[in-house]
Structures are given as structure tokens and as C-alpha cells.
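Chemist: Here's a structure for you.
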Amino acid sequence: MSYDLEQENKEILARYKDLISNTYRTLDEENNKLIRKAFDIALDAHKDQRRKSGEPYIYHPIAVAKIVATEIGLGATSIACALLHDVVEDSDYTYEDLKKIFGEKIANIVNGLTKISIMNHQNISVQSENYRKLLLTLSEDFRVILIKIADRLHNMRTLESMAPDKQKKIASETVYIYAPMAHRLGLYNIKSELEDLSLKYNNPEVYNEITEKLESAKENRERYIEEFKTEVSERLKEEGLNFNIKGRAKAISSIYRKMLKQGVSFEEVFDNYAIRIIYKSDAKNEKFLAWKIYSIVTDVYHSNPSRMRDWITQPRSTGYESLHLTVLGPDRKWIEVQIRSERMNEIAEKGVAAHYKYKEGYKQSSEDRNFERWVTEIREVLEQQQNLSTSELLDNIKLNLYSKEVFVFTPKGEIKILPTNATALDFAFSVHSDLGMKCLGAKINGKLVPISYVLQNGDQIDILSSQNQKPKSDWLEFVVTSKAKSKIKSYLNSQKNQLVEDGKEILQRKLRHAKINFNDEEVNKLQKFFNLKTSQELFLKFQSNELDVSSLRKYIESKNVFNNLLSRFRKSPSKNTHFEEPKEQNLDMIIFGKDEEKLNYSYAKCCTVIPGDKIFGFITISDGIKVHSDNCPNAINLRAQYDYRVIPAKWVNAESFKNRVKIEIEGLDRMGMINDITTVISGSMGMDMKSMSIESNNGVFMGSINLEVKNKGQLEETFKKLKDIDGVSRVRRLQS
């Protein structure tokens with residue numbers, strides 16, 4: 001392919017100038033020189049490289065640097081690191097070279113980014129190991145994570161040029177790892193865009209449908225916002241306020257979550273867009289003006305008190321501040337209104353990067369303390385969890401990523417923020433690890449309660465402790481904070497270390513007799529085969545003789561089958577390769593891989609698939625190939641963590657297929673409703689109905705039906721006829 005190099009060089013320079021134009025007002029001459037030097041090195045390092053789309057590779061680091069500068073709001077050091085983030089990995093420049101040119105700080109940040117990036121290209125057993133790498137950088141420099149999130153955002157924005165299977169893998173990892181991290185760092189706009197783009201590639205039909213409906217409703221939305229502005233603006237101007245009113249559609253992924261959670265259609269999601277009032281204020285009057293605007297808005301429109309959220313008096317632990325209210329707007333429809341100052345708005349959009357910008361002139365605020373407390377807690381958890389598997393680490397950390405919060409008081413009246421469903425024991429650990437370890441009970445508002453008591457907003461807590469108290473394994477059943485979980489597990493693990501060592505020696509001896517090397521990879525395979533969460537569990541089961549020589553023999557037999565399957569797909573198998581087919585299945589119905597092979601398979605139990613569904617194969621360690629729907633609840637996790645075991649699959653010759661599908665139906669009850677439903681299913685569609693359960697309550701019925709379905713077309717036609725029944729309001733297919 002030929003390229004117009006002269007035109008490309010002009011475009012590179014134009015993109016660099018665009019980057020600088022967004023930063024030069026805030027940076028001095030020395031910082032601008034630093035950015036220019038980083039650009040020159042990056043340009044040299046990537047001079048012969050191109051992206052999958054064919055465009056010069058240097059476009060990518062420039063774009064990442066612009067995201068870092070304008071959408072996250074970081075300074076010169078971070079912009080320079082963004083320009084350099086792929087230099088060590090993709091060129092002859094080394095860490096030592098960057099250290100000599102830019103100093104240790106920039107070299108270390110780029111080195112941290114390089115470590116994470118290299119993980120993306122390795123065929124490791126758990127892709128979420130990237131997440132561990134990301135989290136470990138918390139104890140070094142937050143800028144590593146922020147730049148990595150910017151890198152991932154640009155990759156998602158330019159994902160069209162990748163192959164479909166790569167698109168799904170990257171999209172799944174993004175929604176599994178990077179979106180939650182962006183959320184926890186307060187980067188709400190970026191978090192929403194990452195989730196939307198992930199949905200675009202993981203479920204394009206849903207994404208396109210919601211996008212089209214939002215677009216068609218755009219004119220009505222804009223007219224509505226103008227009417228709101230007209231009615232509210234005059235009142236705000238009378239009070240001498242300096243403000244701006246904006247309207248925006250909710251994120252596509254957010255609307256889809258509500259549709260799933262509430263079991264409703266797009267049209268039934270009543271708050272799929274919001275209005276934001278952003279006002280100018282000094283530090284002294286900021287809170288006063290927010291409530292003044294709130295008072296004016298609620299004078300004009302009726303508000304729903306149950307949906308009022310005051311994140312100004314008590315900010316979220318991410319530092320987010322805003323007043324949220326839901327009002328009955330101009331067309332008598334409920335709409336969310338957000339009230340925030342310019343400072344609050346910048347922190348809401350740029351998260352941690354904007355956190356410390358406003359400290360001068362503002363007192364040390366609770367959002368600063370809350371955020372710093374969260375950082376400290378994550379670091380403590382990481383220090384305590386070096387021996388945990390990545391999956392366990394993910395579970396523990398992600399507990400606090402999306403969780404809502406509860407506000408409680410210490411005996412001295414200080415506020416503490418904990419996740420919703422946190423217990424008295426979680427509170428004790430949040431005060432001090434030793435207090436948690438010795439926690440015996442608690443007094444809530446003066447009343448004695450057990451340590452498992454679930455905290456409520458406004459509770460005042462006094463912890464009771466005893467020197468004789470020790471952590472117990474059942475504590476793990478009710479604590480929810482990662483700090484409490486990690487401290488309890490750490491103590492319990494210390495008690496069984498000797499047993500673990502004994503079990504490890506037993507396993508080493510048995511593997512040696514079987515002529516299998518004992519190493520981390522083999523241990524990981526063993527624990528997955530026996531469905532165990534950690535290597536410690538594995539060693540303990542060998543120590544207790546729950547696992548023995550016969551168990552190990554089963555593993556060795558399955559290992560040979562699994563390795564054979566994996567090697568075939570890694571080596572682009574020949575079309576002539578044939579796999580033994582079981583007699584009870586029509587194996588012509590699904591073929592796998594790029595060479596469309598016929599292989600032994602079975603259907604996953606976590607989802608239901610029928611011909612017409614988009615599907616993929618997943619190579620299990622002990623149970624051959626499992627076929628999953630693209631919309632399977634586990635699809636994202638499988639692609640994010642074990643993408644190298646996912647294989648393309650498609651339907652052929654599925655005439656004799658039958659599978660059970662569960663559907664949910666609801667509507668207004670009346671005489672003859674059940675008869676009408678069964679007439680459509682058994683009569684009109686000739687389908688076999690395996691079970692039916694319908695309950696009626698105050699004139700509304702809800703039911704579930706198990707059907708034997710031949711293909712997706714048959715199911716969709718059935719849905720259409722069921723929806724035509726008088727009184728039926730909703731029919732949907734349940735995936736699991």
C-alpha cells in the first residue's frame with residue numbers, strides 16, 4: 001500500500017499543534033519544551049510503524065496525550081508520558097535512555113505503562129492479571145492508571161479496524177476492568193463512554209437500537225430543555241445568579257442497564273435524559289447557592305422527594321459533589337435535574353485529576369479526605385493480598401468500585417463512609433485493624449447489636465472489643481469491605497500456613513511420581529480442574545486426603561484432551577482434521593474456528609442458545625467445548641479473562657435442533673388470559689410447552705413459561721403473537 005508521506009507529515013504536525021493549543025495557556029515555556037521533546041522522541045520511535053487502520057502510529061500517542069490534557073486535565077509530565085507510553089515497548093529506546101533524557105519520574109511512569117501493555121500481548125491464563133498490574137500501580141503513581149485509561153479510551157474509539165473476535169475481547173476487558181476503575185477515580189464521562197463503546201461491540205443490535213431511538217427523540221428532547229430553560233432562567237436571573245443550563249441524554253449503557261433491571265422497554269425508561277444547572281461561585285457561597293437554585297427549581301416544578309440526593313453536604317468517597325432532584329417537568333414527565341458549581345462540575349468530569357486543583361481558597365473538604373482514605377485502603381488491601389489469586393483480588397477490590405454508600409457516625413460525631421450493606425464489623429476494621437480483630441459487638445444508637453448488624457444512614461456506632469476475641473471464618477460471610485475481608489483472610493491464612501506447606505509437599509511428591517513438573521502454571525491448572533479458588537485450597541485438600549492419587553489421575557487424563565484441543569486452534573488446523581462425534585448429538589449443527597471444523601461440544605448451562613443466536617465456543621479444562629450465547633451473563637468475563645480459549649462458532653444444518661428456553665410474560669389479568677396464551681403457544685405455533693407458572697396479584701399477572709424451541713425465528717414469531725394478545729404488556733426471553 002502506498003502512502004502520501006508529505007501529507008501525513010502535515011497531518012502529524014497539525015495534530016501536535018492541536019494538542020499544544022489545548023495546553024499552552026496553562027503551561028509555562030519550560031513545560032511546553034518538555035512536551036515538545038517527548039513528541040520528538042515519540043515521532044522518532046514510531047516513524048516506521050502503522051496502526052491496524054494503516055494510519056501512522058504516532059497519531060495514537062498524540063490522541064492519548066490530548067485525552068490526558070483535555071478530558072482528564074493532567075499537566076505537562078503526564079502529557080509527556082502519554083506521548084511516550086509505547087516508546088519502550090515498540091522501539092529501541094530503553095528505560096535507561098528515557099531516564100537520561102527526561103529524568104527518573106517520567107521514566108518510571110512510562111515503565112509502569114510498559115509493564116501493563118506487555119501483559120496485553122501475553123497468552124496468560126487470566127487476562128485480568130492486567131487488573132492486578134493496574135492496581136499495584138496505585139502504590140506508585142496514579143498517573144500510570146490515568147494515562148492507561150486514556151490509552152484504552154482511544155483504542156476503543158478506533159476499534160473498527162480490528163477483527164470482530166479482537167473487538168469483543170478488548171470490549172469485554174474494557175467493561176470488566178477499565179470502566180470500573182474510571183468510575184472509582186471519578187472519571188464519570190470516560191466511564192460512560194467506555195461502557196457505551198463496549199456495548200457497541202459486545203451487543204451491537206441493542207446499541208444501535210437505543211442510539212436510533214435517542215436520535216429520533218432528539219428534537220423533542222431539545223424542545224423540552226428549551227422550555228425548561230425559559231421557565232427557570234428568568235427566576236435564576238432575578239436572583240443575580242451566573243449560570244448555564246445544559247441538557248444531555250443518559251449514557252446508552254446506563255439506559256440499557258435500566259431496561260434490564262426494570263424489565264422495561266426504551267420508551268418506559270422515564271429518565272433517559274437529564275438537565276444540569278452549573279453556576280459560578282466563590283468558595284464561601286458555593287453550598288448556599290446550590291440550595292438557593294434548588295429552592296427556585298422546586299418552586300417552579302413539583303419534585304419527587306424520594307429521588308432527592310444531596311451529594312454536597314456529604315460528597316461521595318470519589319469526591320463527587322452535586323444536588324440531584326427529580327421534578328415533574330414542562331410536559332408532565334419526570335426528569336432528573338443536577339445542580340453543581342463549576343468546581344464541582346470539573347471534579348465530576350475529571351475526577352482525581354481535578355481533586356487537588358481547588359484546595360487553595362477552599363477548606364480541606366470531606367471529598368479530599370474520603371478520596372485519600374480510599375487510596376490508603378486500596379494500598380493496604382494490596383499489601384495484604386499478595387498471595388491471593390487474581391480472581392479473588394478482583395472480587396475484593398471490585399466490591400468497592402460501584403458500591404453505593406452509607407454514612408455513619410463515630411462516638412465523637414465524626415462521619416465515616418462505608419459501602420451499602422456494610423456491617424458493624426466493617427466499621428470496626430475501618431477505624432483500625434486491631435479493633436476489627438478484637439471486635440465483640442457494638443452499640444448502635446445506644447442499643448447493643450451483634451457484629452453482623454447492617455449499618456443504616458445516620459447510625460452512631462460504638463465498638464465493643466475483647467483481648468480474647470479472634471477472627472473466625474464465618475466473619476467472611478457478612479463483611480463487605482475489602483479491608484475487612486483482607487485482614488480476616490490474612491489472619492485465617494496465617495493459622496493454616498503449616499497445613500498448606502504440608503499439602504504442598506504431598507502434591508510435589510505425587511506430581512514427581514507422575515513425572516509432571518511442579519510449577520505455578522501446573523498449580524493454576526490443577527486448581528481450575530478441581531474448581532478451587534486458590535492454590536492454598538488445593539494444597540489443603542491434598543493434605544487432608546480429600547484429593548489423592550486417583551484424583552490426580554483424572555486430571556492427567558483431562559489434561560491430555562485439553563492440550564490437544566488448544567494446540568489445534570493455535571496451529572491453524574487443517575480442514576481435513578476430524579474429531580470423534582458423539583452419537584447422541586447432531587454435530588453438523590455447529591462448526592468452530594476459522595477452518596469451520598466439526599468438533600465435540602455441549603451447551604453451557606449458564607445461558608440458553610437456539611439457532612439464529614450469535615454464539616461462541618469456550619474450551620473448558622475438564623469438559624470439552626461449551627457453546628455460549630453472545631448475550632450470556634458470563635460472556636464478558638470469559639472474553640476478558642480467558643480470551644485465548646474462546647473460539648468462533650456458527651450454525652449449520654440445525655433443522656433437528658430443539659432446546660428449552662424460558663420466557664417471562666406479564667400484563668393485565670382477565671378471564672381467559674391463560675387460555676389465550678396457551679392457544680398461541682400450543683395451537684398457533686405448535687410448540688411444546690414444558691412448564692408454565694403464572695401468578696396474579698391485584699389485577700396484574702406475571703408468569704414464566706419453559707418452551708421447546710427450534711430456532712430464533714420461531715421464538716420471535718411467538719413473541720409477536722403473544723404481544724398481540726389483549727392485556728399482555730411485556731414478553732421477554734430469560735438468558736439464564
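Each chain in the C-alpha cells gets a letter, A, B, ..., in the order shown, and its residues are numbered from 1; ligands are numbered from 1 in order too.
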I want to know what sits within 7 Å of region 258-274 of chain A, based on only C-alpha atoms, with residues of the same chain fewer than 3 positions away left out; could you give that as a list of chain:residue names?
Modeler: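 Contacts, with the query itself left out: A:Gly247, A:Arg248, A:Ala249, A:Lys250, A:Ser254, A:Ile255, A:Trp334, A:Ile335, A:Glu336, A:Val337.
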Chemist: Would you mind listing what lies within 10 Å of Ile101 (chain A) as a list in words, with only C-alpha atoms counted and same-chain residues fewer than 4 positions away left out?
Modeler: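 Everything that qualifies: Lys37, Ala38, Ile41, Glu96, Asp97, Ile106 and Ala107 of chain A.
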Chemist: What's the 9 Å shell around Arg340 (chain A), counting only C-alpha atoms, without same-chain residues fewer than 6 positions away, as an MDAnalysis selection string?
Modeler: chainID A and resid 276:279 286 290 312 321:323
Chemist: Could you write out that same residue set with all heavy atoms as a compact mmCIF listing (two decimals), in the first residue's frame?
Modeler:
```txt
# COMPACT_ATOMS: atom_id res chain seq x y z
N ARG A 276 -28.74 19.77 33.59
CA ARG A 276 -27.69 20.15 34.54
C ARG A 276 -27.63 21.68 34.63
O ARG A 276 -27.53 22.35 33.61
CB ARG A 276 -26.36 19.57 34.09
CG ARG A 276 -25.23 19.77 35.08
CD ARG A 276 -24.00 19.00 34.62
NE ARG A 276 -24.23 17.56 34.64
CZ ARG A 276 -23.51 16.69 33.95
NH1 ARG A 276 -22.53 17.11 33.18
NH2 ARG A 276 -23.78 15.41 34.02
N ILE A 277 -27.68 22.20 35.84
CA ILE A 277 -27.53 23.63 36.08
C ILE A 277 -26.17 23.85 36.73
O ILE A 277 -25.91 23.37 37.84
CB ILE A 277 -28.64 24.17 37.00
CG1 ILE A 277 -30.02 23.89 36.40
CG2 ILE A 277 -28.47 25.67 37.23
CD1 ILE A 277 -31.19 24.25 37.30
N ILE A 278 -25.28 24.55 36.01
CA ILE A 278 -23.92 24.80 36.50
C ILE A 278 -23.78 26.29 36.79
O ILE A 278 -24.06 27.12 35.93
CB ILE A 278 -22.88 24.36 35.46
CG1 ILE A 278 -23.07 22.87 35.13
CG2 ILE A 278 -21.46 24.62 35.95
CD1 ILE A 278 -22.32 22.41 33.91
N TYR A 279 -23.38 26.64 38.01
CA TYR A 279 -23.34 28.04 38.42
C TYR A 279 -21.93 28.45 38.85
O TYR A 279 -21.13 27.62 39.29
CB TYR A 279 -24.33 28.30 39.55
CG TYR A 279 -24.07 27.49 40.81
CD1 TYR A 279 -23.29 28.00 41.84
CD2 TYR A 279 -24.58 26.20 40.96
CE1 TYR A 279 -23.04 27.26 42.99
CE2 TYR A 279 -24.34 25.45 42.09
CZ TYR A 279 -23.56 25.99 43.11
OH TYR A 279 -23.30 25.25 44.23
N GLU A 286 -20.68 28.71 47.88
CA GLU A 286 -20.94 27.60 46.97
C GLU A 286 -22.14 26.74 47.40
O GLU A 286 -23.06 26.49 46.61
CB GLU A 286 -19.69 26.72 46.89
CG GLU A 286 -19.67 25.78 45.71
CD GLU A 286 -18.36 25.03 45.63
OE1 GLU A 286 -17.78 24.72 46.69
OE2 GLU A 286 -17.92 24.74 44.51
N ALA A 290 -26.23 26.56 45.83
CA ALA A 290 -26.80 25.29 45.35
C ALA A 290 -28.22 25.12 45.89
O ALA A 290 -29.14 24.78 45.15
CB ALA A 290 -25.92 24.12 45.76
N ILE A 312 -23.72 17.15 48.16
CA ILE A 312 -22.92 18.33 48.51
C ILE A 312 -22.63 18.34 50.00
O ILE A 312 -21.48 18.50 50.43
CB ILE A 312 -23.63 19.63 48.08
CG1 ILE A 312 -23.68 19.72 46.55
CG2 ILE A 312 -22.89 20.86 48.65
CD1 ILE A 312 -24.35 20.97 46.02
N GLU A 321 -19.57 15.78 43.98
CA GLU A 321 -20.49 16.67 44.66
C GLU A 321 -21.56 17.16 43.69
O GLU A 321 -21.24 17.60 42.58
CB GLU A 321 -19.77 17.90 45.22
CG GLU A 321 -18.79 17.61 46.34
CD GLU A 321 -18.05 18.87 46.76
OE1 GLU A 321 -18.60 19.63 47.58
OE2 GLU A 321 -16.95 19.11 46.24
N SER A 322 -22.81 17.10 44.11
CA SER A 322 -23.90 17.59 43.26
C SER A 322 -25.21 17.41 44.02
O SER A 322 -25.32 16.54 44.89
CB SER A 322 -23.95 16.80 41.94
OG SER A 322 -24.89 17.36 41.06
N LEU A 323 -26.19 18.27 43.72
CA LEU A 323 -27.54 18.06 44.20
C LEU A 323 -28.34 17.43 43.07
O LEU A 323 -28.36 17.96 41.96
CB LEU A 323 -28.20 19.40 44.57
CG LEU A 323 -28.01 19.96 45.97
CD1 LEU A 323 -28.83 21.22 46.13
CD2 LEU A 323 -28.40 18.95 47.03
```
Chemist: Record the distance separating CA of Leu27 (chain A) and CA of Ile190 (chain A), expressed in Å with one decimal.
Modeler: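 Straight-line distance from CA of Leu27 (chain A) to CA of Ile190 (chain A) works out to 23.9 Å.
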Chemist: Contacts of region 73-83 of chain A at 7 Å or less, counting only C-alpha atoms, minus same-chain residues fewer than 3 places along, as a ChimeraX atom specification?
Modeler: /A:31,34-35,38-39,42,61-62,64-65,68-70,106,109-110,143,147,350,353-354
Chemist: Using only C-alpha atoms, please write the residues we just selected to a file, as a PDB file, in the first residue's frame.
Modeler:
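Output (part_35.pdb):
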```
ATOM      1  CA  ASN A  31       6.756  22.602  30.342  1.00  0.00           C
ATOM      2  CA  LEU A  34       9.236  19.153  27.799  1.00  0.00           C
ATOM      3  CA  ILE A  35       6.171  18.188  25.759  1.00  0.00           C
ATOM      4  CA  ALA A  38       8.628  13.986  24.279  1.00  0.00           C
ATOM      5  CA  PHE A  39       6.874  14.438  20.924  1.00  0.00           C
ATOM      6  CA  ALA A  42       7.919   9.525  20.137  1.00  0.00           C
ATOM      7  CA  PRO A  61       0.101   8.724  21.313  1.00  0.00           C
ATOM      8  CA  ILE A  62      -0.864  12.266  20.231  1.00  0.00           C
ATOM      9  CA  VAL A  64      -3.862   9.780  24.106  1.00  0.00           C
ATOM     10  CA  ALA A  65      -1.928  12.886  25.165  1.00  0.00           C
ATOM     11  CA  VAL A  68      -4.885  13.238  29.164  1.00  0.00           C
ATOM     12  CA  ALA A  69      -4.681  17.024  28.747  1.00  0.00           C
ATOM     13  CA  THR A  70      -8.277  17.971  27.945  1.00  0.00           C
ATOM     14  CA  ILE A 106       8.886  10.232  33.704  1.00  0.00           C
ATOM     15  CA  ILE A 109       5.699   6.267  34.750  1.00  0.00           C
ATOM     16  CA  VAL A 110       6.465   5.084  31.190  1.00  0.00           C
ATOM     17  CA  ARG A 143      -0.776   8.924  36.646  1.00  0.00           C
ATOM     18  CA  ILE A 147      -2.793   7.519  31.243  1.00  0.00           C
ATOM     19  CA  LYS A 350     -12.189  14.899  35.569  1.00  0.00           C
ATOM     20  CA  ALA A 353      -7.007  14.814  38.420  1.00  0.00           C
ATOM     21  CA  ALA A 354      -9.130  17.844  39.366  1.00  0.00           C
TER      22      ALA A 354
END
```
